[in-house]
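Q: Next up, entry-v5.txt (compact mmCIF, C-alpha atoms).
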```txt
# COMPACT_ATOMS: atom_id res chain seq x y z
CA MET T 1380 81.79 114.90 58.50
CA THR T 1381 80.93 112.11 60.97
CA LYS T 1382 84.58 111.19 61.43
CA PHE T 1383 85.48 114.83 62.08
CA LEU T 1384 82.72 115.21 64.68
CA LEU T 1385 83.72 111.95 66.35
CA ALA T 1386 87.38 113.01 66.43
CA VAL T 1387 86.50 116.37 68.02
CA HIS T 1388 84.18 114.62 70.51
CA VAL T 1389 86.92 112.17 71.58
CA LEU T 1390 89.58 114.90 71.74
CA ALA T 1391 87.28 117.12 73.81
CA ALA T 1392 86.69 114.23 76.21
CA ILE T 1393 90.41 113.60 76.58
CA VAL T 1394 91.39 117.25 76.89
CA ALA T 1395 88.50 118.37 79.12
CA ILE T 1396 87.33 115.43 81.19
CA GLY T 1397 90.78 113.91 81.76
CA PRO T 1398 92.16 116.92 83.65
CA VAL T 1399 88.99 117.23 85.75
CA THR T 1400 89.14 113.60 86.85
CA VAL T 1401 92.84 113.81 87.68
CA ALA T 1402 92.71 117.19 89.45
CA ALA T 1403 89.55 116.24 91.36
CA SER T 1404 91.23 113.01 92.50
CA MET T 1405 94.34 114.88 93.62
CA PHE T 1406 92.31 117.49 95.52
CA PRO T 1407 91.27 115.58 98.69
CA PRO T 1408 94.83 114.52 99.67
CA ALA T 1409 96.12 118.00 98.86
CA ALA T 1410 93.36 119.52 101.01
CA ARG T 1411 94.26 117.17 103.88
CA ARG T 1412 97.88 118.35 103.66
CA ALA T 1413 96.73 121.96 103.66
CA LEU T 1414 94.49 121.35 106.68
CA ALA T 1415 97.31 119.59 108.54
CA THR T 1416 99.80 122.40 107.85
CA PRO T 1417 97.83 125.67 107.70
CA ASP T 1418 101.02 127.75 107.59
CA ASP T 1419 102.33 125.96 104.48
CA GLU T 1420 101.59 128.39 101.66
CA ARG T 1421 102.55 125.83 98.99
CA ALA T 1422 99.94 123.39 100.28
CA GLY T 1423 97.27 126.09 100.08
CA ALA T 1424 98.42 127.11 96.61
CA ALA T 1425 98.17 123.50 95.42
CA VAL T 1426 94.58 123.29 96.66
CA ARG T 1427 93.66 126.54 94.92
CA LEU T 1428 95.32 125.43 91.67
CA LEU T 1429 93.58 122.04 91.64
CA HIS T 1430 90.22 123.71 92.29
CA ARG T 1431 90.81 126.18 89.46
CA ILE T 1432 91.71 123.34 87.08
CA CYS T 1433 88.46 121.57 88.00
CA GLN T 1434 86.40 124.71 87.43
CA VAL T 1435 87.96 125.64 84.09
CA TYR T 1436 87.95 122.16 82.60
CA ALA T 1437 84.40 121.51 83.84
CA ALA T 1438 83.34 124.52 81.76
CA VAL T 1439 85.38 123.34 78.76
CA GLY T 1440 83.82 119.88 79.22
CA ILE T 1441 80.51 121.18 77.88
CA ALA T 1442 82.04 120.62 74.43
CA VAL T 1443 82.00 116.85 75.02
CA PRO T 1444 78.22 116.32 74.98
CA VAL T 1445 77.75 119.04 72.34
CA PHE T 1446 80.00 117.23 69.89
CA GLY T 1447 78.69 113.88 71.15
CA PHE T 1448 75.14 114.77 70.17
CA ALA T 1449 76.32 116.14 66.84
CA THR T 1450 78.18 112.89 66.20
CA ALA T 1451 75.21 110.75 67.30
CA GLY T 1452 72.92 112.72 65.00
CA ALA T 1453 75.28 112.25 62.07
CA MET T 1454 75.54 108.52 62.83
CA GLY T 1455 71.78 108.12 63.25
CA VAL T 1456 72.04 106.55 66.71
CA MET T 1457 70.15 109.13 68.78
CA GLY T 1458 67.59 106.57 69.98
CA ASP T 1459 70.02 103.74 70.72
CA ALA T 1460 69.93 102.41 74.27
CA TRP T 1461 73.70 102.74 74.81
CA LEU T 1462 73.56 106.43 73.86
CA ILE T 1463 70.58 107.10 76.10
CA ALA T 1464 72.34 105.34 78.99
CA SER T 1465 75.52 107.30 78.29
CA THR T 1466 73.56 110.54 78.24
CA VAL T 1467 71.89 109.79 81.57
CA LEU T 1468 75.23 108.87 83.14
CA THR T 1469 76.83 112.02 81.71
CA VAL T 1470 74.10 114.17 83.24
CA LEU T 1471 74.60 112.36 86.56
CA ALA T 1472 78.38 112.91 86.37
CA ALA T 1473 77.89 116.60 85.63
CA GLY T 1474 75.47 116.85 88.54
CA VAL T 1475 77.89 115.15 90.93
CA LEU T 1476 80.65 117.51 89.81
CA LEU T 1477 78.57 120.68 90.01
CA VAL T 1478 76.52 119.91 93.12
CA LEU T 1479 78.76 117.67 95.24
CA VAL T 1480 82.41 118.05 94.21
CA LEU T 1481 83.01 121.70 93.30
CA PRO T 1482 81.09 123.18 96.26
CA ARG T 1483 83.06 121.04 98.74
CA GLN T 1484 86.29 122.03 97.04
CA GLU T 1485 85.24 125.66 97.39
CA VAL T 1486 84.63 125.20 101.13
CA LEU T 1487 88.13 123.74 101.50
CA VAL T 1488 89.72 126.47 99.37
CA GLU T 1489 88.08 129.07 101.63
CA GLY T 1490 89.62 127.31 104.62
CA THR T 1491 86.34 126.48 106.33
CA GLY T 1492 86.30 122.74 105.62
CA THR T 1493 87.34 119.88 107.87
CA ARG T 1494 88.93 116.47 107.40
CA GLU T 1495 85.38 115.08 107.18
CA THR T 1496 84.78 117.38 104.21
CA THR T 1497 87.79 115.83 102.46
CA VAL T 1498 86.44 112.34 103.11
CA GLN T 1499 83.05 113.26 101.61
CA LEU T 1500 84.80 114.94 98.72
CA ALA T 1501 86.90 111.85 98.02
CA MET T 1502 83.75 109.73 97.93
CA PHE T 1503 81.94 112.09 95.55
CA THR T 1504 85.02 112.40 93.36
CA GLY T 1505 85.16 108.61 93.15
CA MET T 1506 81.50 108.56 92.09
CA PHE T 1507 82.22 111.19 89.43
CA ASN T 1508 85.18 109.21 88.10
CA LEU T 1509 83.23 105.94 88.10
CA LEU T 1510 80.40 107.52 86.14
CA TRP T 1511 82.84 108.83 83.54
CA ALA T 1512 84.60 105.47 83.32
CA THR T 1513 81.24 103.80 82.69
CA VAL T 1514 80.38 106.32 79.97
CA THR T 1515 83.77 105.70 78.36
CA VAL T 1516 83.20 101.94 78.34
CA LEU T 1517 79.73 102.40 76.84
CA MET T 1518 81.19 104.62 74.13
CA ILE T 1519 83.76 101.98 73.25
CA VAL T 1520 81.56 98.89 73.48
CA ARG T 1521 78.36 100.42 72.09
CA PRO T 1522 75.98 97.50 72.49
CA GLY T 1523 74.32 96.77 69.18
CA SER T 1524 77.09 98.51 67.27
CA THR T 1525 77.62 97.57 63.66
CA THR T 1526 81.40 97.89 63.98
CA GLY T 1527 81.74 94.32 65.20
CA ALA T 1528 84.13 95.45 67.95
```
Rewrite the structure from the file as C-alpha cells, please.

A:
Amino acid sequence: MTKFLLAVHVLAAIVAIGPVTVAASMFPPAARRALATPDDERAGAAVRLLHRICQVYAAVGIAVPVFGFATAGAMGVMGDAWLIASTVLTVLAAGVLLVLVLPRQEVLVEGTGTRETTVQLAMFTGMFNLLWATVTVLMIVRPGSTTGA
C-alpha cells in the first residue's frame, strides 16, 4: 500500500504542481504583452487561459499533501524533520499562491493592473517556484532516510 500511496503522491505532484509552476511563470510576460497591446484579443485570451490553469491546478494540487500525509503515515515518518520542513514549506508555497500570486493575476485579468503589478507577480511567482523546488529536493534527499540515496 505504501508504494501505491507514494506513486499517487508523486503523480499528483507532477500533474498538479507542474502546470501551476509553468503557467504562473508564463503569466507575467503574457500580462505585459496584454498591457502593451490592449487591442490584441489573443494576448488577453492567453492571460485568461494561464490564470484559469493556475486556478484549476491549484485546486487539484490539494491531492499532493493529502496523499503525502497518507504516504508519510504508512512509512512511519510523520515526525521526521525533513517531513516537517517540507510541510511548512508546502504551506508557505500554498499561501504565496493563494494570497500573493492568484489575486495579482486576477487584477491583471480584469485589466486593472499595471506593469508594476506584473513585476510584483513575477517576484511572488519566483518565490512560489523556489519553495516548491526546495520541497522537491527535500522529498528526494530525505535527510536521515534509510534508502541510502

Q: I'd like the contact shell of range 1494-1497 of chain T - 10 Å cut-off, all atoms listed in the file, skipping same-chain residues fewer than 4 positions apart - returned as a PDB file with C-alpha atoms, in the frame of the given file.

A:
```
ATOM      1  CA  PHE T1406      92.310 117.490  95.520  1.00  0.00           C
ATOM      2  CA  PRO T1407      91.270 115.580  98.690  1.00  0.00           C
ATOM      3  CA  PRO T1408      94.830 114.520  99.670  1.00  0.00           C
ATOM      4  CA  ALA T1409      96.120 118.000  98.860  1.00  0.00           C
ATOM      5  CA  ALA T1410      93.360 119.520 101.010  1.00  0.00           C
ATOM      6  CA  ARG T1411      94.260 117.170 103.880  1.00  0.00           C
ATOM      7  CA  ARG T1412      97.880 118.350 103.660  1.00  0.00           C
ATOM      8  CA  LEU T1414      94.490 121.350 106.680  1.00  0.00           C
ATOM      9  CA  ALA T1415      97.310 119.590 108.540  1.00  0.00           C
ATOM     10  CA  ARG T1483      83.060 121.040  98.740  1.00  0.00           C
ATOM     11  CA  GLN T1484      86.290 122.030  97.040  1.00  0.00           C
ATOM     12  CA  VAL T1486      84.630 125.200 101.130  1.00  0.00           C
ATOM     13  CA  LEU T1487      88.130 123.740 101.500  1.00  0.00           C
ATOM     14  CA  ALA T1501      86.900 111.850  98.020  1.00  0.00           C
ATOM     15  CA  MET T1502      83.750 109.730  97.930  1.00  0.00           C
ATOM     16  CA  PHE T1503      81.940 112.090  95.550  1.00  0.00           C
TER      17      PHE T1503
END
```

Q: Can you work out the spacing between CA of Ala1472 in chain T and CA of Phe1507 in chain T in Å, to one decimal?

A: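 Taking CA of Ala1472 in chain T and CA of Phe1507 in chain T, their separation equals 5.2 Å.
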
Q: Near range 1436-1442 of chain T, within 8 Å and counting only C-alpha atoms, which residues show up once chain neighbours fewer than 4 positions away are dropped, as a ChimeraX atom specification?

A: /T:1388,1391-1392,1395-1396,1398-1399,1432,1446

Q: Could you state the separation of CA of Gly1423 in chain T and CA of Met1405 in chain T in Å, given to one decimal place?

A: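 Going from CA of Gly1423 in chain T over to CA of Met1405 in chain T covers 13.3 Å.
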
Q: Just checking: using only C-alpha atoms, which residue out of T:His1430, T:Thr1469, T:Pro1482, T:Gly1492 ends up closest to Ser1404 in chain T?

A: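 That would be T:His1430, the residue with the smallest distance to Ser1404 in chain T.
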
Q: Looking at only C-alpha atoms, which of T:Ile1463, T:Val1456, T:Val1488, T:Met1506 is the one that sits closest to Leu1428 in chain T?

A: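 Distance minimum relative to Leu1428 in chain T lands on T:Val1488.
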
Q: Go through T:Val1435, T:Ala1413, T:Met1454, T:Val1394 and flag the residue nearest Thr1381 in chain T, using all atoms listed in the file for the distances.

A: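 So, comparing all the options, the nearest one is T:Met1454.
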
Q: With only C-alpha atoms as the atoms that count, which of T:Ala1402, T:Ile1393, T:Ala1464, T:Ile1519 lies nearest to Thr1504 in chain T?

A: T:Ala1402

Q: Take CA of Asn1508 in chain T and CA of Val1426 in chain T and report the distance between them in Å, one decimal.

A: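 CA of Val1426 in chain T lies at a distance of 19.0 Å from CA of Asn1508 in chain T.
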
Q: My list of candidates is T:Arg1521, T:Leu1384, T:Asp1419, T:Val1514. Which is closest to Leu1468 in chain T when distances are computed with all atoms listed in the file?

A: T:Val1514

Q: Considering all atoms listed in the file, can you say which of T:Val1475, T:Val1389, T:Ala1451, T:Leu1481 comes closest to Gln1434 in chain T?

A: T:Leu1481

Q: Padding of 3 Å on every side, edges along x, y and z, all listed atoms of range 1415-1420 of chain T included: what centre and edge lengths in Å, to one decimal, does that box have, as AutoDock Vina command-line options?

A:
```
--center_x 99.8 --center_y 124.0 --center_z 105.1 --size_x 11.0 --size_y 14.8 --size_z 12.9
```
